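Dropping protein.cif in here (mmCIF, C-alpha atoms):
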data_final
#
loop_
_atom_site.label_atom_id
_atom_site.label_comp_id
_atom_site.auth_asym_id
_atom_site.auth_seq_id
_atom_site.Cartn_x
_atom_site.Cartn_y
_atom_site.Cartn_z
CA MET A 269 -43.58 140.85 123.26
CA THR A 270 -46.79 142.86 123.67
CA GLU A 271 -49.51 140.79 125.33
CA HIS A 272 -53.20 141.05 124.37
CA ARG A 273 -56.41 139.51 125.71
CA LEU A 274 -59.37 139.41 123.32
CA ARG A 275 -62.80 137.77 123.05
CA THR A 276 -64.54 136.34 119.99
CA PRO A 277 -66.26 137.42 117.77
CA LEU A 278 -63.31 139.59 116.71
CA SER A 279 -63.79 142.98 115.09
CA MET A 280 -61.52 144.53 112.49
CA GLU A 281 -60.44 146.93 115.26
CA ASP A 282 -59.28 143.97 117.35
CA VAL A 283 -57.39 142.51 114.40
CA LYS A 284 -55.64 145.80 113.61
CA LYS A 285 -54.18 145.98 117.14
CA LEU A 286 -52.27 142.75 116.64
CA ARG A 287 -48.72 142.87 115.28
CA SER A 288 -46.52 139.94 114.31
CA GLY A 289 -44.51 138.81 117.33
CA ASP A 290 -47.24 139.81 119.83
CA VAL A 291 -48.74 137.25 122.21
CA LEU A 292 -52.51 136.80 122.52
CA PHE A 293 -54.79 134.96 124.94
CA LEU A 294 -58.18 134.41 123.32
CA SER A 295 -61.54 133.75 124.97
CA GLY A 296 -65.03 133.02 123.65
CA PRO A 297 -66.47 130.48 121.19
CA ILE A 298 -64.08 129.06 118.59
CA TYR A 299 -64.58 126.42 115.88
CA THR A 300 -62.26 123.62 114.83
CA ALA A 301 -61.97 122.60 111.18
CA ARG A 302 -59.39 120.62 109.29
CA ASP A 303 -59.06 118.77 105.96
CA LYS A 304 -62.52 117.22 105.51
CA ALA A 305 -64.49 120.04 107.17
CA HIS A 306 -62.78 122.56 104.87
CA ALA A 307 -63.66 120.52 101.78
CA LEU A 308 -67.25 120.35 103.00
CA LEU A 309 -67.42 124.08 103.81
CA ARG A 310 -66.31 124.77 100.23
CA ALA A 311 -68.82 122.35 98.71
CA LYS A 312 -71.85 123.11 100.89
CA GLY A 313 -71.17 126.36 102.78
CA SER A 314 -70.71 126.74 106.52
CA PRO A 315 -73.29 125.30 108.94
CA VAL A 316 -72.38 128.14 111.38
CA SER A 317 -71.83 131.87 110.97
CA LEU A 318 -68.13 132.61 110.65
CA GLU A 319 -68.46 136.42 110.92
CA GLY A 320 -65.67 137.52 113.28
CA ALA A 321 -64.91 133.90 114.07
CA ALA A 322 -61.69 132.24 115.16
CA LEU A 323 -61.14 129.00 113.26
CA TYR A 324 -58.83 126.47 114.88
CA HIS A 325 -56.92 123.95 112.74
CA CYS A 326 -57.28 121.16 115.26
CA GLY A 327 -58.43 117.55 115.35
CA PRO A 328 -59.11 117.18 119.06
CA LEU A 329 -59.20 114.12 121.29
CA VAL A 330 -62.59 114.25 123.02
CA ARG A 331 -64.38 111.70 125.24
CA GLY A 332 -68.08 112.44 125.81
CA ASP A 333 -68.05 116.18 126.49
CA GLN A 334 -64.51 116.16 127.95
CA VAL A 335 -61.82 117.81 125.82
CA LEU A 336 -58.73 115.72 126.64
CA SER A 337 -56.09 116.96 124.19
CA ALA A 338 -56.52 119.67 121.57
CA GLY A 339 -53.36 121.20 120.13
CA PRO A 340 -52.99 122.57 116.60
CA THR A 341 -52.55 120.60 113.38
CA THR A 342 -50.42 121.63 110.37
CA SER A 343 -52.18 124.56 108.68
CA GLY A 344 -50.33 124.06 105.39
CA ARG A 345 -52.71 121.26 104.40
CA MET A 346 -55.58 123.78 104.48
CA ALA A 347 -53.70 126.50 102.56
CA ARG A 348 -55.78 125.89 99.42
CA TYR A 349 -58.95 126.92 101.31
CA ALA A 350 -57.57 129.89 103.27
CA ALA A 351 -58.60 132.77 101.00
CA GLU A 352 -62.15 131.45 100.68
CA ILE A 353 -62.51 130.83 104.42
CA LEU A 354 -61.30 134.35 105.22
CA ARG A 355 -63.87 135.81 102.81
CA LEU A 356 -66.58 134.19 104.99
CA GLY A 357 -65.65 136.67 107.73
CA VAL A 358 -63.13 134.61 109.74
CA ARG A 359 -60.86 137.07 111.57
CA ALA A 360 -58.36 134.64 113.05
CA ILE A 361 -57.01 131.29 111.97
CA ILE A 362 -55.23 129.36 114.71
CA GLY A 363 -52.84 126.55 113.81
CA LYS A 364 -49.20 125.68 113.42
CA GLY A 365 -46.63 126.00 110.66
CA GLY A 366 -48.24 129.01 108.99
CA LEU A 367 -50.23 129.93 105.87
CA PRO A 368 -49.51 132.25 102.94
CA ALA A 369 -49.80 135.82 104.26
CA GLU A 370 -51.47 137.48 101.29
CA PRO A 371 -55.15 136.63 102.09
CA PHE A 372 -54.69 137.98 105.65
CA LEU A 373 -53.77 141.50 104.49
CA GLY A 374 -56.25 144.08 105.81
CA ARG A 375 -58.54 141.30 106.98
CA ALA A 376 -57.35 138.81 109.58
CA VAL A 377 -54.50 137.29 111.62
CA TYR A 378 -52.81 133.91 111.76
CA LEU A 379 -52.14 132.77 115.31
CA ALA A 380 -49.64 130.02 116.15
CA TYR A 381 -50.38 127.77 119.12
CA PRO A 382 -47.33 125.81 120.36
CA GLY A 383 -47.52 122.49 118.49
CA GLY A 384 -47.77 119.28 120.46
CA CYS A 385 -49.16 121.03 123.54
CA GLY A 386 -52.54 119.30 123.36
CA ALA A 387 -52.90 118.60 127.08
CA ALA A 388 -52.30 122.27 127.93
CA ALA A 389 -54.75 123.47 125.25
CA ALA A 390 -57.44 121.11 126.56
CA GLN A 391 -57.32 122.90 129.95
CA GLN A 392 -58.24 126.14 128.12
CA LEU A 393 -61.17 124.73 126.10
CA ARG A 394 -64.65 123.52 127.05
CA PHE A 395 -67.01 121.54 124.82
CA ARG A 396 -70.02 123.47 123.48
CA SER A 397 -71.28 121.46 120.50
CA VAL A 398 -70.20 119.31 117.59
CA ARG A 399 -71.26 119.29 113.94
CA LEU A 400 -70.27 117.07 111.00
CA GLN A 401 -69.59 114.27 113.49
CA GLU A 402 -69.99 111.75 110.65
CA LEU A 403 -66.49 112.86 109.51
CA GLY A 404 -64.98 111.26 112.63
CA MET A 405 -63.49 112.69 115.83
CA ALA A 406 -60.45 114.38 114.25
CA GLU A 407 -62.29 115.81 111.25
CA ALA A 408 -65.58 116.98 112.82
CA LEU A 409 -66.41 120.65 113.35
CA TRP A 410 -66.23 121.19 117.10
CA GLU A 411 -67.40 124.32 118.88
CA PHE A 412 -65.38 125.03 122.02
CA GLU A 413 -65.55 127.80 124.60
CA ALA A 414 -62.01 129.13 124.95
CA GLU A 415 -60.79 130.62 128.20
CA ASN A 416 -57.52 132.45 127.67
CA LEU A 417 -56.43 130.07 124.92
CA GLY A 418 -52.73 130.70 124.56
CA PRO A 419 -49.97 131.63 124.33
CA LEU A 420 -50.98 132.37 120.75
CA ILE A 421 -48.17 134.01 118.79
CA VAL A 422 -49.35 136.53 116.19
CA ALA A 423 -47.35 135.00 113.34
CA VAL A 424 -49.08 136.71 110.38
CA ASP A 425 -50.79 140.06 111.01
CA SER A 426 -53.17 142.14 108.90
CA HIS A 427 -50.47 144.75 108.12
CA GLY A 428 -48.14 142.47 106.14
CA GLY A 429 -46.05 141.22 109.08
CA ASP A 430 -45.11 137.53 108.77
CA LEU A 431 -42.69 135.77 111.15
CA TYR A 432 -42.44 132.68 108.91
CA ARG A 433 -41.46 134.79 105.90
CA ASP A 434 -38.82 136.58 108.01
CA VAL A 435 -37.35 133.22 109.06
CA ARG A 436 -37.53 131.82 105.50
CA ARG A 437 -35.71 134.86 104.08
CA SER A 438 -32.97 134.65 106.64
CA VAL A 439 -32.57 130.89 106.07
CA GLU A 440 -32.39 131.42 102.30
CA SER A 441 -29.73 134.09 102.64
CA LEU A 442 -27.70 131.86 105.00
CA LEU A 443 -27.94 128.95 102.54
CA GLY A 444 -27.04 131.29 99.68
CA CYS A 445 -29.99 130.59 97.41
CA MET B 123 -47.82 84.84 127.17
CA ARG B 124 -50.22 86.41 124.65
CA ASP B 125 -52.03 88.18 127.50
CA GLU B 126 -48.72 89.46 128.90
CA VAL B 127 -47.82 90.94 125.52
CA ILE B 128 -51.22 92.62 125.21
CA GLU B 129 -50.94 94.10 128.71
CA ALA B 130 -47.36 95.24 128.10
CA ALA B 131 -48.44 96.91 124.84
CA VAL B 132 -51.20 98.83 126.63
CA ARG B 133 -48.82 99.89 129.44
CA ALA B 134 -46.13 101.00 127.00
CA LEU B 135 -48.62 102.97 124.90
CA ARG B 136 -50.07 104.66 127.98
CA ARG B 137 -46.66 105.73 129.21
CA ALA B 138 -45.52 106.87 125.75
CA GLU B 139 -48.66 108.94 125.14
CA THR B 140 -48.82 110.66 128.53
CA SER B 141 -45.18 111.31 129.43
CA LEU B 142 -41.86 112.11 127.79
CA PRO B 143 -38.65 110.15 128.40
CA ASP B 144 -36.30 111.90 130.88
CA TRP B 145 -33.56 112.32 128.27
CA VAL B 146 -36.00 114.27 126.05
CA LEU B 147 -37.09 116.54 128.91
CA LYS B 148 -33.43 117.20 129.79
CA LEU B 149 -32.62 118.26 126.23
CA ILE B 150 -35.62 120.64 126.07
CA LYS B 151 -34.71 122.13 129.49
CA ALA B 152 -31.10 122.66 128.43
CA ALA B 153 -32.25 124.31 125.18
CA ALA B 154 -34.67 126.59 127.07
CA GLU B 155 -31.80 127.85 129.22
CA LEU B 156 -29.59 128.68 126.24
CA GLU B 157 -32.31 130.05 123.91
CA THR B 158 -31.97 133.79 123.20
CA ASN B 159 -35.19 134.38 121.21
CA PRO B 160 -38.10 135.28 123.56
CA VAL B 161 -40.83 133.65 121.41
CA ALA B 162 -38.70 130.50 121.18
CA ARG B 163 -38.06 130.47 124.93
CA LEU B 164 -41.80 130.84 125.59
CA HIS B 165 -42.41 127.80 123.38
CA LEU B 166 -39.80 125.60 125.05
CA GLN B 167 -41.10 126.48 128.52
CA PHE B 168 -44.69 125.82 127.45
CA MET B 169 -43.66 122.44 126.00
CA LEU B 170 -42.17 121.48 129.37
CA GLU B 171 -45.34 122.67 131.17
CA ASN B 172 -47.45 120.65 128.76
CA ALA B 173 -45.41 117.50 129.43
CA GLN B 174 -45.74 117.97 133.17
CA LEU B 175 -49.49 118.56 132.91
CA ALA B 176 -50.00 115.51 130.67
CA GLU B 177 -48.12 113.26 133.07
CA SER B 178 -49.87 114.53 136.21
CA LYS B 179 -53.35 114.22 134.66
CA GLY B 180 -52.69 111.08 132.61
CA LEU B 181 -53.66 112.91 129.41
CA PRO B 182 -52.13 112.43 125.96
CA LEU B 183 -49.46 115.12 125.49
CA CYS B 184 -50.62 115.76 121.94
CA GLN B 185 -54.07 115.22 120.40
CA ASP B 186 -52.30 113.53 117.50
CA THR B 187 -51.79 110.30 119.39
CA GLY B 188 -50.11 108.98 116.27
CA LEU B 189 -50.08 105.83 114.25
CA PRO B 190 -48.95 102.91 116.43
CA ILE B 191 -45.47 101.54 115.77
CA PHE B 192 -43.86 98.84 117.92
CA ARG B 193 -40.21 97.91 118.02
CA VAL B 194 -39.92 94.32 119.21
CA GLU B 195 -36.58 92.85 120.24
CA GLN B 196 -37.17 89.14 120.47
CA GLY B 197 -34.67 86.78 122.12
CA ARG B 198 -33.50 84.10 119.68
CA ASP B 199 -34.37 81.36 122.20
CA LEU B 200 -37.93 82.55 122.66
CA ILE B 201 -40.61 80.69 120.74
CA LEU B 202 -43.99 82.41 120.45
CA ASP B 203 -47.00 80.15 119.96
CA PHE B 204 -49.30 83.01 119.00
CA ASP B 205 -49.52 85.75 116.38
CA LEU B 206 -47.46 88.65 117.78
CA GLY B 207 -48.88 91.22 115.34
CA GLU B 208 -52.42 90.25 116.27
CA ALA B 209 -51.64 90.52 120.01
CA LEU B 210 -50.15 94.00 119.54
CA ALA B 211 -53.21 95.04 117.52
CA GLU B 212 -55.39 93.89 120.42
CA GLY B 213 -53.23 96.00 122.77
CA VAL B 214 -53.76 99.02 120.48
CA ARG B 215 -57.55 98.48 120.47
CA ILE B 216 -57.64 98.35 124.28
CA ALA B 217 -55.33 101.39 124.61
CA THR B 218 -57.52 103.33 122.15
CA ARG B 219 -60.57 102.75 124.37
CA GLU B 220 -58.89 103.13 127.75
CA ILE B 221 -56.29 105.92 127.53
CA PRO B 222 -58.12 107.01 125.23
CA LEU B 223 -56.40 107.60 121.88
CA ARG B 224 -57.75 109.50 118.90
CA PRO B 225 -58.70 107.09 116.11
CA ASN B 226 -56.24 107.97 113.34
CA ALA B 227 -55.94 104.92 111.08
CA VAL B 228 -57.80 105.22 107.76
CA ASP B 229 -57.92 103.38 104.45
CA PRO B 230 -55.52 105.30 102.14
CA LEU B 231 -58.04 105.80 99.32
CA ALA B 232 -61.52 105.56 100.82
CA ARG B 233 -60.21 107.46 103.93
CA ARG B 234 -62.56 105.30 106.03
CA ASN B 235 -61.44 105.32 109.69
CA SER B 236 -61.32 101.91 111.41
CA GLY B 237 -62.10 103.65 114.71
CA ASP B 238 -59.56 101.62 116.71
CA ASN B 239 -56.15 102.63 115.30
CA THR B 240 -55.64 99.26 113.61
CA GLY B 241 -55.99 98.08 110.01
CA PRO B 242 -53.99 96.24 107.36
CA GLY B 243 -50.28 96.79 108.18
CA ILE B 244 -51.07 98.78 111.34
CA PRO B 245 -49.73 98.62 114.01
CA ASP B 246 -46.40 98.65 112.23
CA LEU B 247 -44.06 96.05 113.70
CA ILE B 248 -40.27 96.50 113.62
CA LEU B 249 -38.92 93.09 114.60
CA GLU B 250 -35.32 92.43 115.65
CA VAL B 251 -33.79 89.16 116.83
CA VAL B 252 -31.42 89.56 119.80
CA GLU B 253 -29.56 87.31 122.27
CA GLY B 254 -31.52 85.61 125.06
CA ASP B 255 -35.07 84.42 125.62
CA GLY B 256 -36.86 87.66 126.56
CA LEU B 257 -39.01 90.16 124.70
CA ARG B 258 -38.50 93.93 124.74
CA LEU B 259 -41.43 95.92 123.48
CA THR B 260 -41.13 99.63 122.64
CA ALA B 261 -44.25 101.62 121.82
CA PHE B 262 -43.41 104.45 119.43
CA PRO B 263 -46.60 106.28 118.38
CA LYS B 264 -45.75 108.55 115.44
CA GLY B 265 -47.69 111.74 114.74
CA ALA B 266 -48.39 112.83 111.16
CA GLY B 267 -46.99 116.36 111.43
CA SER B 268 -43.38 115.24 111.53
CA GLU B 269 -43.85 112.02 109.52
CA ASN B 270 -45.44 113.98 106.63
CA MET B 271 -42.33 116.15 106.27
CA SER B 272 -39.92 113.19 106.06
CA LEU B 273 -38.15 112.67 102.75
CA LEU B 274 -36.16 110.04 100.89
CA GLY B 275 -33.66 111.10 98.23
CA MET B 276 -31.98 108.79 95.73
CA LEU B 277 -28.96 111.04 95.25
CA ASN B 278 -26.19 111.01 92.71
CA PRO B 279 -23.03 109.63 94.40
CA ALA B 280 -21.37 112.95 93.46
CA ASP B 281 -23.92 114.86 95.60
CA ASP B 282 -23.21 115.86 99.19
CA PRO B 283 -25.72 114.01 101.39
CA PHE B 284 -25.31 116.56 104.19
CA ASP B 285 -26.31 119.43 101.88
CA PHE B 286 -29.42 117.40 100.98
CA ILE B 287 -30.25 116.91 104.68
CA VAL B 288 -29.74 120.60 105.54
CA ARG B 289 -31.89 121.74 102.61
CA THR B 290 -34.60 119.22 103.43
CA VAL B 291 -34.78 120.49 107.00
CA ALA B 292 -34.61 124.14 105.91
CA GLU B 293 -37.61 123.68 103.61
CA ARG B 294 -39.72 121.38 105.78
CA ALA B 295 -38.96 121.93 109.47
CA ALA B 296 -41.62 124.58 110.17
CA ASN B 297 -44.46 122.11 109.57
CA ALA B 298 -42.86 119.25 111.50
CA CYS B 299 -43.20 120.76 115.03
CA PRO B 300 -39.60 121.75 115.74
CA PRO B 301 -37.43 121.53 117.76
CA LEU B 302 -36.84 118.24 116.00
CA PHE B 303 -35.01 115.00 116.27
CA LEU B 304 -33.64 113.68 112.97
CA GLY B 305 -33.26 110.02 112.10
CA ILE B 306 -30.96 109.77 109.10
CA GLY B 307 -30.61 106.66 106.96
CA LEU B 308 -27.48 106.84 104.82
CA GLY B 309 -26.87 104.29 102.09
CA GLY B 310 -28.56 100.92 101.58
CA THR B 311 -31.40 100.72 99.09
CA PHE B 312 -34.64 102.68 98.55
CA ASP B 313 -36.39 101.00 101.47
CA LEU B 314 -33.35 100.16 103.61
CA ALA B 315 -32.43 103.86 103.84
CA ALA B 316 -35.94 104.62 105.16
CA ARG B 317 -35.78 101.73 107.65
CA LEU B 318 -32.38 102.92 108.90
CA ALA B 319 -33.76 106.44 109.34
CA LYS B 320 -36.69 105.21 111.42
CA HIS B 321 -34.41 102.92 113.42
CA ALA B 322 -32.02 105.80 114.10
CA LEU B 323 -34.84 107.49 116.06
CA PHE B 324 -34.51 104.68 118.63
CA SER B 325 -30.82 105.43 119.23
CA LEU B 326 -30.92 109.17 119.89
CA PRO B 327 -29.19 111.41 120.66
CA GLY B 328 -26.18 110.79 118.43
CA ASN B 329 -22.83 112.11 119.55
CA SER B 330 -20.47 111.45 116.65
CA GLU B 331 -18.65 114.39 115.14
CA LYS B 332 -20.77 114.16 111.97
CA GLU B 333 -24.02 114.10 113.91
CA GLN B 334 -23.09 117.02 116.13
CA GLY B 335 -21.73 118.96 113.16
CA LEU B 336 -25.02 118.49 111.30
CA GLN B 337 -26.99 119.60 114.36
CA ARG B 338 -24.86 122.76 114.74
CA ARG B 339 -25.12 123.54 111.03
CA ILE B 340 -28.93 123.35 111.08
CA ASN B 341 -29.31 125.24 114.36
CA MET B 342 -27.29 128.12 112.84
CA LEU B 343 -30.17 128.66 110.37
CA GLY B 344 -32.38 130.14 113.11
CA ILE B 345 -35.61 128.32 112.19
CA GLY B 346 -36.52 127.84 115.86
CA PRO B 347 -39.42 126.19 117.67
CA MET B 348 -42.46 125.86 115.37
CA GLY B 349 -40.57 127.73 112.61
CA LEU B 350 -41.08 131.10 114.32
CA GLY B 351 -37.35 131.80 114.74
CA GLY B 352 -34.79 130.94 117.40
CA ASP B 353 -31.62 129.06 118.21
CA THR B 354 -33.32 125.70 118.88
CA THR B 355 -34.30 123.82 115.71
CA ILE B 356 -32.70 120.42 116.31
CA LEU B 357 -32.46 118.62 119.65
CA GLY B 358 -30.68 115.53 118.35
CA VAL B 359 -29.47 113.79 115.18
CA LYS B 360 -28.69 110.11 114.73
CA ILE B 361 -27.24 108.65 111.55
CA GLU B 362 -27.41 104.94 110.73
CA SER B 363 -25.72 103.74 107.58
CA ALA B 364 -25.33 100.74 105.33
CA PHE B 365 -23.27 99.98 102.25
CA CYS B 366 -24.96 100.93 99.00
CA HIS B 367 -24.53 100.17 95.31
CA THR B 368 -21.57 101.94 93.71
CA ALA B 369 -24.05 103.83 91.50
CA SER B 370 -26.39 104.85 94.36
CA LEU B 371 -26.57 107.23 97.28
CA PRO B 372 -29.92 106.83 99.09
CA VAL B 373 -30.50 109.30 101.95
CA ALA B 374 -33.60 109.20 104.15
CA VAL B 375 -34.53 111.93 106.60
CA ASN B 376 -37.13 110.88 109.16
CA PHE B 377 -38.42 113.85 111.12
CA GLN B 378 -39.48 113.44 114.72
CA CYS B 379 -41.18 116.32 116.55
CA TRP B 380 -39.94 117.49 119.98
CA ALA B 381 -42.43 115.11 121.61
CA HIS B 382 -40.32 112.00 121.04
CA ARG B 383 -42.84 109.59 122.57
CA SER B 384 -41.58 106.13 123.34
CA ALA B 385 -41.78 103.67 126.22
CA THR B 386 -40.33 100.19 126.66
CA GLU B 387 -41.67 97.14 128.52
CA VAL B 388 -39.61 94.00 129.08
CA ILE B 389 -41.22 90.54 129.27
CA ARG B 390 -39.13 87.64 130.65
#

Will you turn the file into structure tokens for me?
Amino acid sequence: MTEHRLRTPLSMEDVKKLRSGDVLFLSGPIYTARDKAHALLRAKGSPVSLEGAALYHCGPLVRGDQVLSAGPTTSGRMARYAAEILRLGVRAIIGKGGLPAEPFLGRAVYLAYPGGCGAAAAQQLRFRSVRLQELGMAEALWEFEAENLGPLIVAVDSHGGDLYRDVRRSVESLLGC
Amino acid sequence: MRDEVIEAAVRALRRAETSLPDWVLKLIKAAAELETNPVARLHLQFMLENAQLAESKGLPLCQDTGLPIFRVEQGRDLILDFDLGEALAEGVRIATREIPLRPNAVDPLARRNSGDNTGPGIPDLILEVVEGDGLRLTAFPKGAGSENMSLLGMLNPADDPFDFIVRTVAERAANACPPLFLGIGLGGTFDLAARLAKHALFSLPGNSEKEQGLQRRINMLGIGPMGLGGDTTILGVKIESAFCHTASLPVAVNFQCWAHRSATEVIR
């Protein structure tokens, strides 16, 4: 497992270095967005620049400006928005469970944070600002400062590598379908 | 006694949200030692670190603090002169403010969030009558990741229910935060199968031949923690069954993520 440390905003050069199966620790500003924020980004555009951004599929637990628990949510629910979001310049989507690999080709990476590890993630994130707070705590667009957020597993890379697809293929062949 | 129930509900929720039962930690530790895939091992170790951190800092393990479910075992000689569901709801409201918990409960159509994790039907109350005059209260907050992947099949009696379970897990596990616990409801009716599956999650881990065989069969698939590959997909399986109609074969698969959060308080 090759280990990388990178800082946002991410360049295409950064993205190209990452191969599926590598481990990354990411620092710098990141944005959370899940179901409602994605629908709103599609309808009204993004209230922040997403050029080189890392977008975190996360509905955090926050009290005041204290991030208490902030692990990943299931990315599959946001699959319908992925291609559009990546066209806005997002270079990394962080979540769990994976997304279709095709829109990441030559453009971005999908990073898997260990699901359920919200307390650990909160130690690696500091509050910066919040937008779309009217959507509620889980659905708002939070800006966090990440300090070595990880371990992030490069699950889908920009070269066509995809750990989920590898697992799916092997499962299908074992089940004989 | 109403105040005692409210306080017990808050205590049980706090413990469930910020620590894992010892038997769950033991299973994850044992899996981490046997796991041969490095990415999978990294995950299992990080999950243990996360549990330790949550407990030492009193933080919720997972930001999805779940939808509140309570299992209540009520002694048949105990008479309650208050509304138990209302008292538990009050406990949830206090726990939401104090622990704190993320407000997760919304109206299913308007998607309006009540802000306090309660609403019509929530907290869900699973009531059982037992011997004695005491009250056992188990808080079982259930996250959406694993609940969303759960499935009920009304099979043809000629179908193999174990094939259905294996295929269901193969298709859905990656999104349910594996390694998983499976609650299986076999037989009954449409809703009884689902209730058995949920109830089975209280009686883990199962150790019958069928349960262990199912666990081995799924772990051979190599889905691994978070669906990224590995030997550890299932940590435990429990099957609960009931008789069903001669024309029916209901099978319910209730997924539970590795963070099997539950805590029990006993009131005498």

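Take CA of Gly296 (chain A) and CA of Ala414 (chain A): the distance between them is 5.1 Å.
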
Using the chain letters and numbers from this file, what does the PyMOL selection byres ((chain A and resi 304) around 10) select? Give the answer as a compact mmCIF listing (two decimals) with C-alpha atoms, in the frame of the given file.
# COMPACT_ATOMS: atom_id res chain seq x y z
CA ALA A 301 -61.97 122.60 111.18
CA ARG A 302 -59.39 120.62 109.29
CA ASP A 303 -59.06 118.77 105.96
CA ALA A 305 -64.49 120.04 107.17
CA HIS A 306 -62.78 122.56 104.87
CA ALA A 307 -63.66 120.52 101.78
CA LEU A 308 -67.25 120.35 103.00
CA LEU A 309 -67.42 124.08 103.81
CA ARG A 310 -66.31 124.77 100.23
CA MET A 346 -55.58 123.78 104.48
CA LEU A 400 -70.27 117.07 111.00
CA LEU A 403 -66.49 112.86 109.51
CA GLY A 404 -64.98 111.26 112.63
CA ALA A 406 -60.45 114.38 114.25
CA GLU A 407 -62.29 115.81 111.25
CA ALA A 408 -65.58 116.98 112.82
CA LEU A 409 -66.41 120.65 113.35

For this session: Could you tell me which residues the PyMOL selection byres ((chain B) within 7 of (chain A)) returns for this structure, as a PyMOL selection string?
Result: chain B and resi 165+169+172+175-176+181-185+224+267+296-297+299+343+345+348-351+381

Once 6 Å is added on each side, what centre and edge lengths in Å to one decimal does the axis-aligned box around all listed atoms of region 208-219 of chain B have, as AutoDock Vina command-line options?
--center_x -55.4 --center_y 96.8 --center_z 120.4 --size_x 22.4 --size_y 25.1 --size_z 20.3

Handout entry: Polymer residues at most 8 Å from Leu318 (chain B), all atoms listed in the file, same-chain spacing of 4 or more positions, as a list in words
Key = Gly305, Ile306, Gly307, Leu308, Leu314, Ala322, Glu362, Ser363 and Ala374 of chain B

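The space between CA of Leu274 (chain A) and CA of His325 (chain A) spans 18.9 Å.
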
note - CA of Cys366 (chain B) and CA of Gln378 (chain B) are separated by 24.8 Å

Check your understanding: Written as a list in words, what is the full residue list that the PyMOL selection byres ((chain A and resi 276) around 8) yields on the file shown?
Key ->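 Taken on the displayed file, the PyMOL selection byres ((chain A and resi 276) around 8) yields the residues Leu274, Arg275, Pro277, Leu278, Leu294, Ser295, Gly296, Pro297, Ile298, Gly320, Ala321 and Ala322 of chain A.
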
* Asked: Counting only C-alpha atoms, which residues come within 9 Å of (-56.4, 108.7, 113.9), with the point read in the file's coordinates, and could you list them as a list in words?
  ->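 Nearby residues: Met405 and Ala406 of chain A; Asp186, Thr187, Gly188, Leu189, Leu223, Arg224, Pro225, Asn226, Ala227, Val228, Asn235, Ser236, Gly237, Asp238 and Asn239 of chain B.
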